[in-house]
>>> print(open('my_file_28.txt').read())   # compact mmCIF, C-alpha atoms and all ligand atoms
# COMPACT_ATOMS: atom_id res chain seq x y z
CA MET A 1 55.55 12.83 -172.43
CA LYS A 2 52.02 11.50 -172.82
CA VAL A 3 49.38 14.15 -172.21
CA GLY A 4 45.68 13.30 -171.89
CA LEU A 5 43.18 16.10 -172.43
CA PHE A 6 39.88 15.67 -170.57
CA PRO A 7 37.46 18.33 -171.84
CA GLY A 8 33.95 19.14 -170.69
CA SER A 9 31.60 21.78 -169.43
CA PHE A 10 32.00 20.53 -165.86
CA ASP A 11 29.12 22.73 -164.72
CA PRO A 12 29.48 21.45 -162.07
CA PHE A 13 32.38 19.00 -161.79
CA HIS A 14 31.03 15.85 -160.10
CA ASN A 15 32.31 12.55 -158.72
CA GLY A 16 31.94 10.77 -162.09
CA HIS A 17 34.28 13.36 -163.64
CA LEU A 18 36.72 13.03 -160.74
CA GLU A 19 36.90 9.28 -161.17
CA ILE A 20 37.70 9.65 -164.88
CA VAL A 21 40.52 12.09 -164.03
CA GLU A 22 41.92 9.66 -161.46
CA ARG A 23 41.82 6.75 -163.91
CA ALA A 24 43.26 8.82 -166.75
CA SER A 25 46.14 9.82 -164.49
CA HIS A 26 47.25 6.16 -164.53
CA LEU A 27 47.40 6.21 -168.32
CA PHE A 28 49.09 9.57 -168.98
CA ASP A 29 52.11 11.43 -167.59
CA GLU A 30 49.96 14.53 -167.40
CA VAL A 31 46.18 15.01 -167.51
CA VAL A 32 44.93 18.41 -168.58
CA VAL A 33 41.32 19.02 -167.54
CA ALA A 34 39.81 21.69 -169.79
CA ALA A 35 36.66 23.47 -168.64
CA LEU A 36 35.08 24.70 -171.85
CA ARG A 37 32.20 26.94 -172.68
CA ASN A 38 29.56 24.87 -174.44
CA PRO A 39 27.48 27.16 -176.68
CA GLN A 40 24.80 24.45 -176.95
CA LYS A 41 24.14 24.56 -173.24
CA SER A 42 21.97 27.32 -171.87
CA GLN A 43 23.14 29.74 -169.24
CA ALA A 44 25.92 28.37 -167.08
CA LEU A 45 25.61 27.88 -163.35
CA PHE A 46 29.28 28.67 -162.69
CA ASP A 47 31.53 30.77 -164.88
CA LEU A 48 34.66 29.21 -166.34
CA ASP A 49 36.99 30.64 -163.70
CA GLU A 50 34.81 29.35 -160.87
CA ARG A 51 34.75 25.90 -162.47
CA LYS A 52 38.52 25.94 -162.92
CA GLN A 53 39.07 26.91 -159.29
CA MET A 54 36.78 24.15 -157.99
CA ILE A 55 38.37 21.50 -160.21
CA GLU A 56 41.81 22.62 -159.02
CA GLU A 57 40.75 22.16 -155.41
CA VAL A 58 39.19 18.73 -155.86
CA THR A 59 42.05 17.32 -157.96
CA ALA A 60 44.83 18.76 -155.78
CA HIS A 61 45.67 15.22 -154.55
CA ILE A 62 46.71 14.18 -158.10
CA PRO A 63 50.01 15.90 -158.89
CA SER A 64 49.97 15.15 -162.61
CA VAL A 65 46.75 17.10 -163.20
CA ARG A 66 46.58 20.61 -164.64
CA ILE A 67 43.40 22.62 -165.17
CA VAL A 68 42.70 25.11 -167.93
CA SER A 69 39.55 27.01 -168.77
CA VAL A 70 39.19 28.11 -172.34
CA SER A 71 36.69 29.24 -174.87
CA LYS A 72 37.97 27.80 -178.12
CA LEU A 73 37.73 24.85 -180.46
CA LEU A 74 38.73 21.62 -178.76
CA VAL A 75 41.29 20.58 -181.37
CA ASN A 76 43.05 23.91 -180.87
CA VAL A 77 43.17 23.29 -177.12
CA ALA A 78 44.57 19.82 -177.87
CA ARG A 79 47.28 21.37 -180.04
CA ASP A 80 48.09 24.06 -177.45
CA VAL A 81 48.56 21.58 -174.60
CA GLY A 82 50.35 19.01 -176.78
CA ALA A 83 47.68 16.37 -176.15
CA SER A 84 48.49 12.79 -177.12
CA ALA A 85 44.79 11.96 -176.87
CA ILE A 86 41.44 13.37 -175.83
CA VAL A 87 39.82 11.48 -172.95
CA ARG A 88 36.05 11.15 -172.67
CA GLY A 89 33.94 9.29 -170.14
CA LEU A 90 31.06 7.08 -171.22
CA ARG A 91 28.06 6.63 -168.94
CA VAL A 92 25.55 4.79 -171.04
CA VAL A 93 25.40 3.35 -174.54
CA SER A 94 23.42 6.35 -175.74
CA ASP A 95 26.41 8.61 -174.95
CA PHE A 96 28.36 6.72 -177.55
CA GLU A 97 26.62 8.03 -180.64
CA ALA A 98 27.43 11.69 -180.08
CA GLU A 99 30.87 10.87 -178.68
CA MET A 100 31.73 8.80 -181.75
CA GLN A 101 30.82 11.70 -184.06
CA MET A 102 32.87 14.15 -182.02
CA ALA A 103 35.83 11.79 -181.96
CA GLN A 104 35.67 11.35 -185.73
CA MET A 105 35.33 15.09 -186.31
CA ASN A 106 38.28 15.86 -184.05
CA HIS A 107 40.37 13.17 -185.72
CA HIS A 108 39.46 14.52 -189.12
CA LEU A 109 40.33 18.10 -188.11
CA SER A 110 43.61 17.41 -186.39
CA GLY A 111 44.52 13.74 -186.30
CA VAL A 112 44.12 13.65 -182.51
CA GLU A 113 42.85 10.35 -181.09
CA THR A 114 40.06 10.02 -178.54
CA ILE A 115 39.99 7.34 -175.89
CA PHE A 116 36.88 6.42 -173.94
CA ILE A 117 36.85 5.40 -170.31
CA PRO A 118 33.64 3.68 -169.20
CA THR A 119 32.32 5.04 -165.93
CA SER A 120 31.92 2.90 -162.83
CA PRO A 121 28.30 1.74 -162.58
CA LYS A 122 27.88 3.75 -159.39
CA TYR A 123 28.29 6.97 -161.41
CA SER A 124 26.42 6.03 -164.55
CA PHE A 125 23.36 8.11 -163.62
CA VAL A 126 25.34 11.11 -162.41
CA ALA A 127 25.20 14.01 -164.86
CA SER A 128 25.87 17.72 -164.31
CA LYS A 129 22.43 18.62 -165.60
CA LEU A 130 20.67 16.36 -163.09
CA VAL A 131 22.88 17.51 -160.25
CA ARG A 132 21.96 21.11 -161.08
CA GLU A 133 18.25 20.22 -161.13
CA VAL A 134 18.42 18.50 -157.76
CA ALA A 135 20.36 21.36 -156.15
CA ARG A 136 18.19 24.05 -157.68
CA PHE A 137 15.17 22.75 -155.84
CA GLY A 138 16.93 22.17 -152.56
CA GLY A 139 17.80 18.46 -152.91
CA ASP A 140 20.91 16.93 -151.37
CA VAL A 141 23.71 16.54 -153.93
CA SER A 142 26.46 15.63 -151.47
CA ALA A 143 26.59 12.01 -152.72
CA PHE A 144 27.34 13.16 -156.27
CA VAL A 145 29.80 16.02 -155.99
CA PRO A 146 32.90 16.78 -153.93
CA LYS A 147 32.23 18.83 -150.79
CA VAL A 148 33.76 22.00 -152.24
CA VAL A 149 31.32 21.81 -155.15
CA ALA A 150 28.33 21.02 -152.89
CA ASP A 151 29.18 24.09 -150.78
CA HIS A 152 29.40 26.34 -153.84
CA MET A 153 26.07 25.01 -155.11
CA ALA A 154 24.37 25.55 -151.76
CA GLU A 155 25.68 29.12 -151.76
CA ARG A 156 24.48 29.69 -155.34
CA PHE A 157 20.97 28.44 -154.58
CA LYS A 158 20.61 29.83 -151.07
CA ASP A 159 18.10 32.43 -152.21
CA GLY A 160 15.98 29.96 -154.14
CA PRO A 161 15.93 28.38 -157.59
CA PHE A 162 18.29 29.69 -160.21
CA ASP A 163 16.76 30.04 -163.66
CA ASP A 164 18.62 28.37 -166.53
P1 LIG A 201 29.99 17.91 -171.98
O1 LIG A 201 31.38 17.68 -172.42
O2 LIG A 201 28.95 17.29 -172.86
O3 LIG A 201 29.67 19.29 -171.56
P2 LIG A 201 30.20 17.12 -169.24
O4 LIG A 201 30.87 18.35 -168.81
O5 LIG A 201 28.97 16.73 -168.49
O6 LIG A 201 29.81 17.01 -170.72
O7 LIG A 201 31.21 15.90 -169.17
C1 LIG A 201 32.54 15.96 -169.58
C2 LIG A 201 33.05 14.55 -169.80
O8 LIG A 201 32.79 13.76 -168.66
C3 LIG A 201 32.39 13.82 -170.95
O9 LIG A 201 33.35 12.97 -171.55
C4 LIG A 201 31.33 13.00 -170.29
O10 LIG A 201 31.00 11.86 -171.03
C5 LIG A 201 32.06 12.61 -169.03
N1 LIG A 201 31.11 12.29 -167.97
C6 LIG A 201 30.01 12.96 -167.61
N2 LIG A 201 29.37 12.35 -166.60
C7 LIG A 201 30.11 11.24 -166.30
C8 LIG A 201 29.97 10.17 -165.35
N3 LIG A 201 28.95 10.12 -164.51
N4 LIG A 201 30.92 9.23 -165.35
C9 LIG A 201 31.95 9.28 -166.23
N5 LIG A 201 32.13 10.24 -167.14
C10 LIG A 201 31.23 11.21 -167.19
>>> encode(input="my_file_28.txt", output="structure tokens", more="lines below")
Ligand code: ADP
Amino acid sequence: MKVGLFPGSFDPFHNGHLEIVERASHLFDEVVVAALRNPQKSQALFDLDERKQMIEEVTAHIPSVRIVSVSKLLVNVARDVGASAIVRGLRVVSDFEAEMQMAQMNHHLSGVETIFIPTSPKYSFVASKLVREVARFGGDVSAFVPKVVADHMAERFKDGPFDD
């Protein structure tokens, strides 16, 4: 069975992420979406369990998708879920540099391959960080995130800006 592991912070999970999951589901028998804690990113908007729950809701229409939320090294997650490959989305050329290094590191550590799926142009400017910024100051993010996520963000920011 071919298992694709799609890892990320997903804080929040947006339409660009969803499209990658949908496309990966055509390539793998199972796609495991792993919401990970990223120590390089400052305080999270949603905790890992909240992210997992939201991703479960918005991917419920794809039966071959499973969601995990973990706080460990990616290659260990890949081993635990029996991943055939790690899946990463690419938005712009500048993403490639860091992604290439991560892919090489992960391959060195464990032999796991990484495959890159280029985003549709309509999502190339959609990034969790920007979506958070827009929502924090009361902007409309409904074009960028599934409704469930937009509702959670509205709730989170209902009393005003949230400090990162
Ligand atoms: P990170 O893993 O750096 O915390 P994210 O959680 O934002 O990043 O993203 C997880 C994965 O989704 C990464 O592979 C990232 O390149 C990809 N991704 C992010 N935004 C988009 C987008 N708009 N279209 C396609 N893929 C994306």
>>> closest_residue(input="my_file_28.txt", among="A:Val126, A:Ser9, A:Val93, A:His152", to="A:Gln43", atoms="all atoms listed in the file")
A:Ser9
>>> closest_residue(input="my_file_28.txt", among="A:Ala135, A:Val3, A:Met105, A:Val21", to="ligand LIG 201 (chain A)", atoms="only C-alpha atoms and all ligand atoms")
A:Val21
>>> residues_near_ligand(input="my_file_28.txt", ligand="ligand LIG 201 (chain A)", cutoff="8 Å", atoms="only C-alpha atoms and all ligand atoms", output="ChimeraX atom specification")
/A:6-17,19-20,35-36,38,41,87-91,95,99,116-120,123-129
>>> residues_near_point(input="my_file_28.txt", point="(41.5, 15.5, -175.9)", cutoff="12 Å", atoms="only C-alpha atoms", output="PyMOL selection string")
chain A and resi 2-8+24+28+31-36+73-89+99+102-103+106-107+110-116
>>> closest_residue(input="my_file_28.txt", among="A:Asp151, A:Glu22, A:Asp140, A:Asp29", to="A:Met54", atoms="only C-alpha atoms")
A:Asp151
>>> atom_distance(input="my_file_28.txt", atom1="atom CA of A:Ala60", atom2="atom CA of A:Glu30")
13.4 Å
>>> closest_residue(input="my_file_28.txt", among="A:Thr59, A:Arg23, A:Leu45, A:Val65", to="A:Arg136", atoms="all atoms listed in the file")
A:Leu45
>>> atom_distance(input="my_file_28.txt", atom1="atom CA of A:Gln53", atom2="atom CA of A:Arg66")
11.2 Å
>>> atom_distance(input="my_file_28.txt", atom1="atom CA of A:Gln40", atom2="atom CA of A:Val68")
20.1 Å
>>> residues_near_point(input="my_file_28.txt", point="(18.8, 24.0, -152.1)", cutoff="8 Å", atoms="all atoms listed in the file", output="ChimeraX atom specification")
/A:134-140,153-154,157-158,160-161
>>> axis_aligned_box(input="my_file_28.txt", around="stretch 39-50 of chain A", padding_each_side="8 Å", output="AutoDock Vina command-line options")
--center_x 29.5 --center_y 27.6 --center_z -168.9 --size_x 31.0 --size_y 22.3 --size_z 32.1
>>> closest_residue(input="my_file_28.txt", among="A:Ser71, A:Ala44, A:Ser64, A:Val131", to="A:His26", atoms="only C-alpha atoms")
A:Ser64
>>> build_atoms(input="my_file_28.txt", residues="stretch 63-74 of chain A", atoms="all heavy atoms", output="PDB file, keeping the file's coordinate frame")
ATOM      1  N   PRO A  63      49.005  14.906-158.465  1.00  0.00           N
ATOM      2  CA  PRO A  63      50.010  15.900-158.890  1.00  0.00           C
ATOM      3  C   PRO A  63      50.132  16.065-160.397  1.00  0.00           C
ATOM      4  O   PRO A  63      50.544  17.125-160.863  1.00  0.00           O
ATOM      5  CB  PRO A  63      51.322  15.367-158.288  1.00  0.00           C
ATOM      6  CG  PRO A  63      51.037  14.016-157.747  1.00  0.00           C
ATOM      7  CD  PRO A  63      49.572  13.779-157.715  1.00  0.00           C
ATOM      8  N   SER A  64      49.763  15.062-161.165  1.00  0.00           N
ATOM      9  CA  SER A  64      49.970  15.150-162.610  1.00  0.00           C
ATOM     10  C   SER A  64      48.806  15.828-163.333  1.00  0.00           C
ATOM     11  O   SER A  64      48.713  15.766-164.556  1.00  0.00           O
ATOM     12  CB  SER A  64      50.192  13.753-163.193  1.00  0.00           C
ATOM     13  OG  SER A  64      49.085  12.933-162.890  1.00  0.00           O
ATOM     14  N   VAL A  65      47.927  16.475-162.584  1.00  0.00           N
ATOM     15  CA  VAL A  65      46.750  17.100-163.200  1.00  0.00           C
ATOM     16  C   VAL A  65      46.923  18.614-163.290  1.00  0.00           C
ATOM     17  O   VAL A  65      47.414  19.255-162.353  1.00  0.00           O
ATOM     18  CB  VAL A  65      45.475  16.758-162.404  1.00  0.00           C
ATOM     19  CG1 VAL A  65      44.280  17.549-162.914  1.00  0.00           C
ATOM     20  CG2 VAL A  65      45.176  15.268-162.501  1.00  0.00           C
ATOM     21  N   ARG A  66      46.545  19.158-164.428  1.00  0.00           N
ATOM     22  CA  ARG A  66      46.580  20.610-164.640  1.00  0.00           C
ATOM     23  C   ARG A  66      45.218  21.021-165.178  1.00  0.00           C
ATOM     24  O   ARG A  66      44.608  20.289-165.965  1.00  0.00           O
ATOM     25  CB  ARG A  66      47.666  20.916-165.678  1.00  0.00           C
ATOM     26  CG  ARG A  66      47.839  22.377-166.006  1.00  0.00           C
ATOM     27  CD  ARG A  66      49.230  22.606-166.586  1.00  0.00           C
ATOM     28  NE  ARG A  66      49.413  21.992-167.904  1.00  0.00           N
ATOM     29  CZ  ARG A  66      49.196  22.626-169.062  1.00  0.00           C
ATOM     30  NH1 ARG A  66      48.762  23.866-169.059  1.00  0.00           N
ATOM     31  NH2 ARG A  66      49.409  22.018-170.214  1.00  0.00           N
ATOM     32  N   ILE A  67      44.726  22.177-164.744  1.00  0.00           N
ATOM     33  CA  ILE A  67      43.400  22.620-165.170  1.00  0.00           C
ATOM     34  C   ILE A  67      43.522  23.871-166.032  1.00  0.00           C
ATOM     35  O   ILE A  67      44.276  24.787-165.700  1.00  0.00           O
ATOM     36  CB  ILE A  67      42.500  22.995-163.940  1.00  0.00           C
ATOM     37  CG1 ILE A  67      42.721  22.034-162.755  1.00  0.00           C
ATOM     38  CG2 ILE A  67      41.030  23.080-164.340  1.00  0.00           C
ATOM     39  CD1 ILE A  67      42.417  20.598-163.014  1.00  0.00           C
ATOM     40  N   VAL A  68      42.781  23.889-167.122  1.00  0.00           N
ATOM     41  CA  VAL A  68      42.700  25.110-167.930  1.00  0.00           C
ATOM     42  C   VAL A  68      41.216  25.409-168.169  1.00  0.00           C
ATOM     43  O   VAL A  68      40.374  24.520-168.101  1.00  0.00           O
ATOM     44  CB  VAL A  68      43.438  24.967-169.293  1.00  0.00           C
ATOM     45  CG1 VAL A  68      44.926  24.728-169.097  1.00  0.00           C
ATOM     46  CG2 VAL A  68      42.836  23.851-170.148  1.00  0.00           C
ATOM     47  N   SER A  69      40.925  26.676-168.382  1.00  0.00           N
ATOM     48  CA  SER A  69      39.550  27.010-168.770  1.00  0.00           C
ATOM     49  C   SER A  69      39.655  27.863-170.015  1.00  0.00           C
ATOM     50  O   SER A  69      40.369  28.874-170.015  1.00  0.00           O
ATOM     51  CB  SER A  69      38.817  27.739-167.648  1.00  0.00           C
ATOM     52  OG  SER A  69      39.453  28.935-167.332  1.00  0.00           O
ATOM     53  N   VAL A  70      39.020  27.434-171.066  1.00  0.00           N
ATOM     54  CA  VAL A  70      39.190  28.110-172.340  1.00  0.00           C
ATOM     55  C   VAL A  70      37.897  28.148-173.123  1.00  0.00           C
ATOM     56  O   VAL A  70      36.991  27.348-172.906  1.00  0.00           O
ATOM     57  CB  VAL A  70      40.260  27.426-173.228  1.00  0.00           C
ATOM     58  CG1 VAL A  70      41.648  27.851-172.863  1.00  0.00           C
ATOM     59  CG2 VAL A  70      40.141  25.928-173.173  1.00  0.00           C
ATOM     60  N   SER A  71      37.865  29.079-174.034  1.00  0.00           N
ATOM     61  CA  SER A  71      36.690  29.240-174.870  1.00  0.00           C
ATOM     62  C   SER A  71      37.154  29.139-176.312  1.00  0.00           C
ATOM     63  O   SER A  71      37.241  30.139-177.001  1.00  0.00           O
ATOM     64  CB  SER A  71      36.123  30.626-174.570  1.00  0.00           C
ATOM     65  OG  SER A  71      34.770  30.641-174.768  1.00  0.00           O
ATOM     66  N   LYS A  72      37.563  27.964-176.721  1.00  0.00           N
ATOM     67  CA  LYS A  72      37.970  27.800-178.120  1.00  0.00           C
ATOM     68  C   LYS A  72      37.728  26.377-178.585  1.00  0.00           C
ATOM     69  O   LYS A  72      37.342  25.512-177.799  1.00  0.00           O
ATOM     70  CB  LYS A  72      39.400  28.244-178.361  1.00  0.00           C
ATOM     71  CG  LYS A  72      40.462  27.691-177.444  1.00  0.00           C
ATOM     72  CD  LYS A  72      41.840  28.066-177.978  1.00  0.00           C
ATOM     73  CE  LYS A  72      42.719  28.777-176.976  1.00  0.00           C
ATOM     74  NZ  LYS A  72      44.128  28.715-177.242  1.00  0.00           N
ATOM     75  N   LEU A  73      37.968  26.161-179.856  1.00  0.00           N
ATOM     76  CA  LEU A  73      37.730  24.850-180.460  1.00  0.00           C
ATOM     77  C   LEU A  73      38.625  23.798-179.796  1.00  0.00           C
ATOM     78  O   LEU A  73      39.819  24.013-179.594  1.00  0.00           O
ATOM     79  CB  LEU A  73      38.047  24.958-181.960  1.00  0.00           C
ATOM     80  CG  LEU A  73      37.590  23.823-182.858  1.00  0.00           C
ATOM     81  CD1 LEU A  73      36.059  23.718-182.869  1.00  0.00           C
ATOM     82  CD2 LEU A  73      38.105  24.057-184.285  1.00  0.00           C
ATOM     83  N   LEU A  74      38.006  22.645-179.502  1.00  0.00           N
ATOM     84  CA  LEU A  74      38.730  21.620-178.760  1.00  0.00           C
ATOM     85  C   LEU A  74      40.042  21.194-179.421  1.00  0.00           C
ATOM     86  O   LEU A  74      41.054  21.020-178.738  1.00  0.00           O
ATOM     87  CB  LEU A  74      37.814  20.399-178.548  1.00  0.00           C
ATOM     88  CG  LEU A  74      38.423  19.261-177.723  1.00  0.00           C
ATOM     89  CD1 LEU A  74      38.888  19.741-176.358  1.00  0.00           C
ATOM     90  CD2 LEU A  74      37.420  18.133-177.586  1.00  0.00           C
TER      91      LEU A  74
END
